[in-house]
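S.K.: data_5.pdb is the file, holding PDB, C-alpha atoms:
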ATOM      1  CA  MET A   1     119.149 100.281  93.154
ATOM      2  CA  MET A   2     120.747  96.901  92.431
ATOM      3  CA  ILE A   3     121.720  94.477  95.182
ATOM      4  CA  ASP A   4     125.347  93.350  95.104
ATOM      5  CA  SER A   5     126.182  89.652  95.542
ATOM      6  CA  SER A   6     127.793  89.968  98.996
ATOM      7  CA  GLN A   7     124.752  91.753 100.441
ATOM      8  CA  LYS A   8     122.442  89.310  98.718
ATOM      9  CA  SER A   9     124.256  86.277 100.139
ATOM     10  CA  ALA A  10     124.288  87.837 103.639
ATOM     11  CA  ILE A  11     120.537  88.373 103.659
ATOM     12  CA  THR A  12     119.749  85.014 101.981
ATOM     13  CA  ASN A  13     121.960  83.187 104.510
ATOM     14  CA  PHE A  14     120.213  85.023 107.328
ATOM     15  CA  ILE A  15     116.718  84.123 106.095
ATOM     16  CA  SER A  16     117.547  80.534 105.112
ATOM     17  CA  ASP A  17     118.942  79.851 108.611
ATOM     18  CA  PRO A  18     116.691  77.090 110.057
ATOM     19  CA  LYS A  19     117.096  78.694 113.523
ATOM     20  CA  LEU A  20     115.268  81.789 112.278
ATOM     21  CA  LYS A  21     111.686  81.457 113.500
ATOM     22  CA  LEU A  22     109.296  83.014 110.996
ATOM     23  CA  VAL A  23     105.776  83.801 112.193
ATOM     24  CA  LYS A  24     103.161  85.360 109.900
ATOM     25  CA  LEU A  25     101.578  88.676 110.849
ATOM     26  CA  ASN A  26      97.926  88.473 111.844
ATOM     27  CA  GLU A  27      95.412  90.992 110.441
ATOM     28  CA  GLN A  28      95.864  93.419 113.352
ATOM     29  CA  GLU A  29      99.677  93.293 113.137
ATOM     30  CA  TYR A  30      99.586  93.730 109.369
ATOM     31  CA  MET A  31      97.333  96.792 109.680
ATOM     32  CA  GLU A  32      99.567  98.343 112.363
ATOM     33  CA  GLY A  33     102.591  97.681 110.156
ATOM     34  CA  LEU A  34     100.960  99.176 107.086
ATOM     35  CA  ILE A  35      99.937 102.329 108.975
ATOM     36  CA  ALA A  36     103.466 102.643 110.394
ATOM     37  CA  TYR A  37     105.010 102.206 106.941
ATOM     38  CA  ARG A  38     102.685 104.740 105.325
ATOM     39  CA  SER A  39     103.509 107.273 108.045
ATOM     40  CA  GLN A  40     107.229 107.186 107.236
ATOM     41  CA  GLN A  41     107.157 108.126 103.537
ATOM     42  CA  ASN A  42     105.087 110.075 100.994
ATOM     43  CA  GLU A  43     104.547 107.298  98.453
ATOM     44  CA  GLN A  44     100.779 107.334  98.988
ATOM     45  CA  GLU A  45     100.401 110.975  97.929
ATOM     46  CA  MET A  46     102.467 110.326  94.792
ATOM     47  CA  ILE A  47     100.384 107.270  93.847
ATOM     48  CA  ILE A  48      97.126 109.187  94.381
ATOM     49  CA  ASP A  49      98.396 112.053  92.198
ATOM     50  CA  ALA A  50      99.563 109.636  89.467
ATOM     51  CA  THR A  51      96.213 107.806  89.585
ATOM     52  CA  VAL A  52      94.155 110.992  89.293
ATOM     53  CA  GLN A  53      96.418 112.269  86.488
ATOM     54  CA  SER A  54      96.059 109.056  84.469
ATOM     55  CA  ILE A  55      92.267 109.197  84.796
ATOM     56  CA  GLN A  56      92.195 112.856  83.779
ATOM     57  CA  LYS A  57      94.446 112.014  80.811
ATOM     58  CA  TYR A  58      92.286 109.175  79.487
ATOM     59  CA  LYS A  59      88.850 109.696  80.985
ATOM     60  CA  SER A  60      88.503 113.387  81.836
ATOM     61  CA  SER A  61      85.328 113.839  79.762
ATOM     62  CA  GLN A  62      83.535 111.029  81.585
ATOM     63  CA  GLU A  63      81.159 112.283  84.282
ATOM     64  CA  SER A  64      80.504 109.037  86.150
ATOM     65  CA  TYR A  65      82.721 106.050  86.907
ATOM     66  CA  THR A  66      82.290 102.515  88.093
ATOM     67  CA  ILE A  67      85.461 101.796  90.069
ATOM     68  CA  LEU A  68      86.686  98.455  91.402
ATOM     69  CA  SER A  69      89.526  98.252  93.915
ATOM     70  CA  ILE A  70      90.988  94.749  94.147
ATOM     71  CA  GLY A  71      92.631  94.319  97.548
ATOM     72  CA  CYS A  72      91.130  97.536  98.903
ATOM     73  CA  GLY A  73      92.087  96.723 102.494
ATOM     74  CA  SER A  74      90.996  99.457 104.861
ATOM     75  CA  GLY A  75      91.087 101.994 102.030
ATOM     76  CA  LEU A  76      94.124 104.021 103.081
ATOM     77  CA  LEU A  77      94.589 105.038  99.454
ATOM     78  CA  GLU A  78      91.063 104.624  98.141
ATOM     79  CA  LYS A  79      89.472 107.085 100.568
ATOM     80  CA  PRO A  80      91.573 110.154  99.565
ATOM     81  CA  PHE A  81      91.501 109.071  95.908
ATOM     82  CA  LEU A  82      87.690 108.829  95.780
ATOM     83  CA  THR A  83      87.380 112.095  97.715
ATOM     84  CA  LYS A  84      89.520 113.824  95.057
ATOM     85  CA  LEU A  85      87.292 112.500  92.275
ATOM     86  CA  LEU A  86      84.170 113.663  94.112
ATOM     87  CA  GLU A  87      85.765 117.111  94.478
ATOM     88  CA  LEU A  88      86.096 117.085  90.662
ATOM     89  CA  ASN A  89      82.295 116.653  90.627
ATOM     90  CA  LYS A  90      82.364 113.076  89.333
ATOM     91  CA  SER A  91      79.688 110.504  90.154
ATOM     92  CA  ILE A  92      81.092 107.211  91.451
ATOM     93  CA  HIS A  93      79.872 103.700  92.074
ATOM     94  CA  PHE A  94      82.692 102.111  94.062
ATOM     95  CA  VAL A  95      83.204  98.392  94.652
ATOM     96  CA  GLY A  96      85.940  97.195  96.990
ATOM     97  CA  ILE A  97      87.018  93.591  97.443
ATOM     98  CA  ASP A  98      89.513  92.127  99.892
ATOM     99  CA  PRO A  99      89.696  88.742 101.649
ATOM    100  CA  LYS A 100      90.494  90.470 104.978
ATOM    101  CA  LYS A 101      87.093  90.930 106.654
ATOM    102  CA  ALA A 102      88.240  93.296 109.418
ATOM    103  CA  GLU A 103      89.714  95.712 106.873
ATOM    104  CA  CYS A 104      86.564  95.534 104.733
ATOM    105  CA  LEU A 105      84.530  96.660 107.750
ATOM    106  CA  ILE A 106      86.727  99.771 108.064
ATOM    107  CA  THR A 107      86.223 100.533 104.346
ATOM    108  CA  GLN A 108      82.481  99.975 104.743
ATOM    109  CA  GLU A 109      82.399 102.582 107.533
ATOM    110  CA  TRP A 110      84.173 105.411 105.694
ATOM    111  CA  CYS A 111      82.232 104.647 102.498
ATOM    112  CA  GLN A 112      79.016 105.019 104.476
ATOM    113  CA  LYS A 113      80.157 108.445 105.706
ATOM    114  CA  LEU A 114      81.193 109.503 102.208
ATOM    115  CA  SER A 115      77.811 108.397 100.922
ATOM    116  CA  THR A 116      76.044 110.439 103.624
ATOM    117  CA  PHE A 117      77.913 113.601 102.573
ATOM    118  CA  THR A 118      77.411 113.026  98.822
ATOM    119  CA  PRO A 119      74.313 110.793  98.529
ATOM    120  CA  ASN A 120      73.620 111.582  94.868
ATOM    121  CA  LYS A 121      77.227 111.223  93.764
ATOM    122  CA  PHE A 122      78.546 108.186  95.605
ATOM    123  CA  GLY A 123      77.333 104.599  95.924
ATOM    124  CA  PHE A 124      79.344 101.601  97.090
ATOM    125  CA  GLU A 125      79.568  97.853  97.723
ATOM    126  CA  ILE A 126      82.265  96.164  99.798
ATOM    127  CA  HIS A 127      82.808  92.405  99.486
ATOM    128  CA  PRO A 128      85.141  90.383 101.746
ATOM    129  CA  VAL A 129      86.213  88.023  98.949
ATOM    130  CA  SER A 130      89.313  87.261  96.888
ATOM    131  CA  LEU A 131      89.641  88.143  93.206
ATOM    132  CA  GLU A 132      89.079  84.496  92.286
ATOM    133  CA  GLU A 133      85.797  84.367  94.242
ATOM    134  CA  PHE A 134      84.448  87.692  92.984
ATOM    135  CA  LYS A 135      81.499  87.324  90.585
ATOM    136  CA  PRO A 136      80.034  90.759  89.808
ATOM    137  CA  LEU A 137      77.030  91.518  87.617
ATOM    138  CA  GLN A 138      78.790  94.435  85.928
ATOM    139  CA  THR A 139      82.071  95.521  84.338
ATOM    140  CA  PHE A 140      84.135  98.520  85.459
ATOM    141  CA  ASP A 141      85.500 101.736  83.974
ATOM    142  CA  ILE A 142      88.484 101.827  86.322
ATOM    143  CA  ILE A 143      90.128  98.920  88.136
ATOM    144  CA  LEU A 144      92.700  99.595  90.857
ATOM    145  CA  LEU A 145      95.290  97.086  92.038
ATOM    146  CA  ILE A 146      97.320  99.121  94.498
ATOM    147  CA  HIS A 147      99.958  96.920  96.147
ATOM    148  CA  SER A 148      97.760  93.839  95.803
ATOM    149  CA  PHE A 149      99.517  91.881  93.045
ATOM    150  CA  TYR A 150     102.027  90.369  95.482
ATOM    151  CA  TYR A 151      99.371  88.094  96.923
ATOM    152  CA  PHE A 152      97.969  86.538  93.741
ATOM    153  CA  PRO A 153      98.868  82.912  93.030
ATOM    154  CA  LYS A 154      99.532  83.488  89.308
ATOM    155  CA  ILE A 155      99.975  86.560  87.132
ATOM    156  CA  GLU A 156      98.312  85.205  83.990
ATOM    157  CA  SER A 157      95.026  84.049  85.571
ATOM    158  CA  SER A 158      94.803  87.271  87.617
ATOM    159  CA  VAL A 159      95.337  89.536  84.592
ATOM    160  CA  ASN A 160      92.817  87.469  82.590
ATOM    161  CA  LYS A 161      90.234  87.946  85.349
ATOM    162  CA  VAL A 162      90.962  91.690  85.451
ATOM    163  CA  TYR A 163      90.456  91.849  81.667
ATOM    164  CA  GLU A 164      87.038  90.190  82.054
ATOM    165  CA  LEU A 165      86.071  92.790  84.661
ATOM    166  CA  MET A 166      87.067  95.789  82.513
ATOM    167  CA  GLY A 167      84.392  97.529  80.478
ATOM    168  CA  ALA A 168      84.832  98.191  76.756
ATOM    169  CA  GLU A 169      86.725 101.449  77.370
ATOM    170  CA  GLY A 170      87.977 100.411  80.794
ATOM    171  CA  MET A 171      91.421 101.003  82.231
ATOM    172  CA  THR A 172      93.422  99.224  84.912
ATOM    173  CA  ILE A 173      95.895 100.925  87.235
ATOM    174  CA  ILE A 174      98.500  98.865  89.088
ATOM    175  CA  ALA A 175     100.993  99.984  91.725
ATOM    176  CA  ILE A 176     103.613  97.373  92.589
ATOM    177  CA  ALA A 177     107.010  97.563  94.275
ATOM    178  CA  VAL A 178     110.253  97.347  92.348
ATOM    179  CA  LYS A 179     112.620  94.824  93.912
ATOM    180  CA  THR A 180     114.990  97.045  95.909
ATOM    181  CA  LYS A 181     117.343  96.505  98.839
ATOM    182  CA  LEU A 182     114.547  97.503 101.220
ATOM    183  CA  ASN A 183     112.196  94.714 100.130
ATOM    184  CA  GLU A 184     114.804  92.022  99.495
ATOM    185  CA  PRO A 185     114.261  90.505 102.995
ATOM    186  CA  TYR A 186     110.493  90.444 102.371
ATOM    187  CA  HIS A 187     111.081  88.629  99.067
ATOM    188  CA  TYR A 188     113.026  85.792 100.711
ATOM    189  CA  ILE A 189     110.931  85.606 103.892
ATOM    190  CA  SER A 190     107.759  85.274 101.770
ATOM    191  CA  GLN A 191     109.324  82.368  99.915
ATOM    192  CA  ARG A 192     109.899  80.579 103.213
ATOM    193  CA  LEU A 193     106.539  81.446 104.746
ATOM    194  CA  TYR A 194     104.337  80.774 101.716
ATOM    195  CA  GLN A 195     106.493  78.388  99.648
ATOM    196  CA  ARG A 196     106.274  80.688  96.660
ATOM    197  CA  PRO A 197     107.727  84.069  95.755
ATOM    198  CA  ARG A 198     105.759  87.302  95.875
ATOM    199  CA  PHE A 199     105.452  89.113  92.562
ATOM    200  CA  PHE A 200     107.272  92.377  91.950
ATOM    201  CA  SER A 201     107.286  94.946  89.160
ATOM    202  CA  GLU A 202     109.911  93.017  87.194
ATOM    203  CA  ASP A 203     107.614  89.960  86.994
ATOM    204  CA  LEU A 204     104.697  92.047  85.750
ATOM    205  CA  TYR A 205     106.849  93.875  83.190
ATOM    206  CA  GLN A 206     108.065  90.551  81.807
ATOM    207  CA  PHE A 207     104.514  89.189  81.577
ATOM    208  CA  PHE A 208     103.136  92.265  79.790
ATOM    209  CA  SER A 209     106.049  92.224  77.357
ATOM    210  CA  GLU A 210     105.761  88.507  76.593
ATOM    211  CA  GLN A 211     101.986  88.723  76.141
ATOM    212  CA  LYS A 212     102.366  91.889  74.027
ATOM    213  CA  ILE A 213      99.895  93.766  76.225
ATOM    214  CA  PRO A 214     100.298  97.518  75.561
ATOM    215  CA  PHE A 215     100.954  99.350  78.818
ATOM    216  CA  SER A 216     102.390 102.572  80.219
ATOM    217  CA  GLN A 217     104.816 102.559  83.134
ATOM    218  CA  GLU A 218     106.078 105.241  85.490
ATOM    219  CA  ILE A 219     108.617 104.701  88.268
ATOM    220  CA  ILE A 220     107.814 106.469  91.522
ATOM    221  CA  GLU A 221     110.911 106.899  93.714
ATOM    222  CA  PHE A 222     110.850 107.850  97.374
ATOM    223  CA  SER A 223     112.685 107.222 100.639
ATOM    224  CA  VAL A 224     111.385 105.485 103.749
ATOM    225  CA  ASN A 225     112.359 106.861 107.157
ATOM    226  CA  ILE A 226     113.488 103.770 109.097
ATOM    227  CA  THR A 227     115.035 105.677 112.038
ATOM    228  CA  LYS A 228     112.493 104.234 114.497
ATOM    229  CA  CYS A 229     113.513 100.655 113.567
ATOM    230  CA  PHE A 230     116.820 101.284 115.370
ATOM    231  CA  GLN A 231     115.176 102.579 118.552
ATOM    232  CA  LYS A 232     114.846  99.556 120.785
ATOM    233  CA  ASP A 233     111.658 100.520 122.647
ATOM    234  CA  SER A 234     109.848 102.183 119.736
ATOM    235  CA  GLN A 235     106.485 100.559 119.073
ATOM    236  CA  LEU A 236     106.266 102.340 115.723
ATOM    237  CA  GLY A 237     109.734 101.010 114.850
ATOM    238  CA  LYS A 238     108.649  97.465 115.710
ATOM    239  CA  HIS A 239     105.511  97.714 113.522
ATOM    240  CA  LEU A 240     107.579  99.223 110.719
ATOM    241  CA  LEU A 241     110.219  96.481 110.838
ATOM    242  CA  ASP A 242     107.540  93.756 110.944
ATOM    243  CA  PHE A 243     105.919  95.225 107.849
ATOM    244  CA  ILE A 244     109.207  95.613 105.958
ATOM    245  CA  VAL A 245     110.114  91.930 106.408
ATOM    246  CA  GLY A 246     106.547  90.559 106.355
ATOM    247  CA  ALA A 247     106.925  88.598 109.608
ATOM    248  CA  ASN A 248     106.731  89.121 113.373
ATOM    249  CA  THR A 249     110.246  90.106 114.439
ATOM    250  CA  THR A 250     109.400  89.397 118.121
ATOM    251  CA  TYR A 251     110.545  85.849 117.392
ATOM    252  CA  PHE A 252     113.986  86.902 116.093
ATOM    253  CA  SER A 253     116.892  86.503 118.520
ATOM    254  CA  PRO A 254     118.877  89.664 119.378
ATOM    255  CA  SER A 255     121.718  88.556 117.088
ATOM    256  CA  GLN A 256     119.296  87.774 114.234
ATOM    257  CA  LEU A 257     117.652  91.159 114.675
ATOM    258  CA  GLN A 258     121.061  92.814 114.576
ATOM    259  CA  VAL A 259     121.931  91.130 111.253
ATOM    260  CA  LEU A 260     118.717  92.528 109.778
ATOM    261  CA  LEU A 261     119.308  96.028 111.178
ATOM    262  CA  ASP A 262     122.928  95.999 109.937
ATOM    263  CA  TYR A 263     121.666  95.076 106.460
ATOM    264  CA  LEU A 264     119.133  97.932 106.453
ATOM    265  CA  SER A 265     121.681 100.380 107.866
ATOM    266  CA  SER A 266     124.298  99.495 105.214
ATOM    267  CA  ASN A 267     121.772 100.298 102.471
ATOM    268  CA  SER A 268     120.546 103.548 104.024
ATOM    269  CA  GLN A 269     121.659 107.149 104.135
ATOM    270  CA  LYS A 270     121.997 108.965 107.437
ATOM    271  CA  LEU A 271     120.921 112.603 107.164
ATOM    272  CA  GLU A 272     122.411 115.510 109.112
ATOM    273  CA  GLY A 273     119.405 115.545 111.417
ATOM    274  CA  GLY A 274     120.033 111.885 112.307
ATOM    275  CA  GLU A 275     117.218 110.405 110.225
ATOM    276  CA  ILE A 276     118.017 107.083 108.565
ATOM    277  CA  MET A 277     116.500 106.962 105.081
ATOM    278  CA  ILE A 278     116.398 103.988 102.716
ATOM    279  CA  PRO A 279     115.406 104.355  99.039
ATOM    280  CA  ASN A 280     112.496 102.468  97.518
ATOM    281  CA  SER A 281     110.669 102.466  94.185
ATOM    282  CA  VAL A 282     107.198 101.586  92.953
ATOM    283  CA  SER A 283     106.103 100.923  89.384
ATOM    284  CA  PHE A 284     102.872 102.562  88.326
ATOM    285  CA  TYR A 285     101.336 100.679  85.370
ATOM    286  CA  TYR A 286      98.191 101.462  83.466
ATOM    287  CA  PHE A 287      96.646  99.798  80.461
ATOM    288  CA  GLN A 288      93.356  99.878  78.624
ATOM    289  CA  LYS A 289      91.233  97.129  77.191
ATOM    290  CA  LYS A 290      92.225  96.157  73.661
ATOM    291  CA  LYS A 291      89.658  97.418  71.185
TER     292      LYS A 291
END
When written as structure tokens, how does the structure in this file appear?
M.R.:
Amino acid sequence: MMIDSSQKSAITNFISDPKLKLVKLNEQEYMEGLIAYRSQQNEQEMIIDATVQSIQKYKSSQESYTILSIGCGSGLLEKPFLTKLLELNKSIHFVGIDPKKAECLITQEWCQKLSTFTPNKFGFEIHPVSLEEFKPLQTFDIILLIHSFYYFPKIESSVNKVYELMGAEGMTIIAIAVKTKLNEPYHYISQRLYQRPRFFSEDLYQFFSEQKIPFSQEIIEFSVNITKCFQKDSQLGKHLLDFIVGANTTYFSPSQLQVLLDYLSSNSQKLEGGEIMIPNSVSFYYFQKKK
């Protein structure tokens, strides 16, 4: 869904206002926001299904996989994904990396439980490091970058590093948001908070095309239930709104908050039951190592 110029100028004026106090989310706030966001849509299930389908399409005959998740976080997607593969009787050595230490500890815990249930089928390593710092002794059959590309400093160096980490027949799977009306505020707020834009699907598509890297792309469309954002005392709504904009909205004045809510409302659909739904899209890319 394209953003018209009047809406774009309204949201850019709002975010460029020097009176708008922007405060980054800490790890706890980010996690609460992510959980709130995931609870209000079914994107995760669609990404898991698309991931499993792509592996079955290209690697169904393979019995064991080395899998690297870059930006694994607390494993909200990785845990059900790996469980599905284990149910298909695959053997897995899983490596997760993420600079957020607290989230890595959560991943470490559920991996330990998974390993206890399937000791001969599942091994793991979790490293609280960034992609740039990661120096493994192996390459990987499958590399996952699920909503982690936004945080990389450069596309080219990140893709080059991913290529180095892929085995000879390896494949990489990337999920990244399309720039929609929902994430337009996040795009501009990130520019102010971090002095550089976050990457979206359009940036990745352009890079792959320019570099002539063969890739497949699917667009996953879904709607996010933002009803709680409009309920003043809803804690879930507060976490959800913080996550959508990528900043702590506690520091917004009532009038600033209203501008943001008006923007979201004008780009949403109100259902008969009263739910307020806003559309969003994610690109699902996968590519294999050039032979």
S.K.: Find the residue from A:Ser268, A:Thr118, A:Ser158, A:Asn248 that sits nearest to Tyr186 (chain A); use only C-alpha atoms when measuring.
M.R.: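 Comparing A:Ser268, A:Thr118, A:Ser158, A:Asn248 against Tyr186 (chain A), the winner is A:Asn248.
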S.K.: Nearest to Ser223 (chain A): which of A:Asn267, A:Gln40, A:Gln53, A:Ser148 is it, counting only C-alpha atoms?
M.R.: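 That would be A:Gln40, the residue with the smallest distance to Ser223 (chain A).
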S.K.: Near Gly96 (chain A), counting all atoms listed in the file, which residues have an atom at most 12 Å away, once you skip same-chain residues fewer than 3 positions from it, shown as a VMD selection string?
M.R.: chain A and resid 66 to 75 77 to 79 82 93 99 to 101 103 to 108 111 123 to 131 134 136 140 142 to 146
S.K.: Selection in question (the file shown): the PyMOL selection byres ((chain A and resi 46) around 12). Which residues does it include, as an NGL selection string?
M.R.: :A and (38 or 41-45 or 47-53 or 77 or 80-81 or 175 or 218-222 or 281-284)
S.K.: May I have a table of the residues of region 25-87 of chain A lying at most 12 Å from region 230-240 of chain A, giving each one's closest pair of atoms and their distance in Å to one decimal, counting only C-alpha atoms, ordered by chain and ascending residue number, as JSON lines?
M.R.:
{"residue": "A:Leu25", "atom": "CA", "partner": "A:His239", "partner_atom": "CA", "distance": 10.2}
{"residue": "A:Gln28", "atom": "CA", "partner": "A:His239", "partner_atom": "CA", "distance": 10.6}
{"residue": "A:Glu29", "atom": "CA", "partner": "A:His239", "partner_atom": "CA", "distance": 7.3}
{"residue": "A:Tyr30", "atom": "CA", "partner": "A:His239", "partner_atom": "CA", "distance": 8.3}
{"residue": "A:Met31", "atom": "CA", "partner": "A:His239", "partner_atom": "CA", "distance": 9.1}
{"residue": "A:Glu32", "atom": "CA", "partner": "A:His239", "partner_atom": "CA", "distance": 6.1}
{"residue": "A:Gly33", "atom": "CA", "partner": "A:His239", "partner_atom": "CA", "distance": 4.5}
{"residue": "A:Leu34", "atom": "CA", "partner": "A:Leu240", "partner_atom": "CA", "distance": 7.6}
{"residue": "A:Ile35", "atom": "CA", "partner": "A:Leu240", "partner_atom": "CA", "distance": 8.4}
{"residue": "A:Ala36", "atom": "CA", "partner": "A:Leu240", "partner_atom": "CA", "distance": 5.4}
{"residue": "A:Tyr37", "atom": "CA", "partner": "A:Leu240", "partner_atom": "CA", "distance": 5.5}
{"residue": "A:Arg38", "atom": "CA", "partner": "A:Leu240", "partner_atom": "CA", "distance": 9.1}
{"residue": "A:Ser39", "atom": "CA", "partner": "A:Leu240", "partner_atom": "CA", "distance": 9.4}
{"residue": "A:Gln40", "atom": "CA", "partner": "A:Leu240", "partner_atom": "CA", "distance": 8.7}
{"residue": "A:Gln41", "atom": "CA", "partner": "A:Leu240", "partner_atom": "CA", "distance": 11.4}
S.K.: CA of Met166 (chain A) to CA of Thr139 (chain A): how many Å, to one decimal?
M.R.: 5.3 Å
S.K.: Give me, as a ChimeraX atom specification, all polymer residues having an atom no more than 9 Å from Ile213 (chain A), counting only C-alpha atoms and skipping those fewer than 3 positions away in the same chain.
M.R.: /A:207-210,287,290
S.K.: So that I can check the surroundings of Phe200 (chain A), please list as a PDB file with C-alpha atoms, in the frame of the given file every protein, DNA and RNA residue that reaches within 10 Å of it, counting all atoms listed in the file and ignoring chain neighbours fewer than 3 positions away.
M.R.:
ATOM      1  CA  HIS A 147      99.958  96.920  96.147  1.00  0.00           C
ATOM      2  CA  PHE A 149      99.517  91.881  93.045  1.00  0.00           C
ATOM      3  CA  TYR A 150     102.027  90.369  95.482  1.00  0.00           C
ATOM      4  CA  ALA A 175     100.993  99.984  91.725  1.00  0.00           C
ATOM      5  CA  ILE A 176     103.613  97.373  92.589  1.00  0.00           C
ATOM      6  CA  ALA A 177     107.010  97.563  94.275  1.00  0.00           C
ATOM      7  CA  VAL A 178     110.253  97.347  92.348  1.00  0.00           C
ATOM      8  CA  LYS A 179     112.620  94.824  93.912  1.00  0.00           C
ATOM      9  CA  THR A 180     114.990  97.045  95.909  1.00  0.00           C
ATOM     10  CA  ASN A 183     112.196  94.714 100.130  1.00  0.00           C
ATOM     11  CA  HIS A 187     111.081  88.629  99.067  1.00  0.00           C
ATOM     12  CA  PRO A 197     107.727  84.069  95.755  1.00  0.00           C
ATOM     13  CA  ASP A 203     107.614  89.960  86.994  1.00  0.00           C
ATOM     14  CA  LEU A 204     104.697  92.047  85.750  1.00  0.00           C
ATOM     15  CA  TYR A 205     106.849  93.875  83.190  1.00  0.00           C
ATOM     16  CA  VAL A 282     107.198 101.586  92.953  1.00  0.00           C
ATOM     17  CA  SER A 283     106.103 100.923  89.384  1.00  0.00           C
TER      18      SER A 283
END
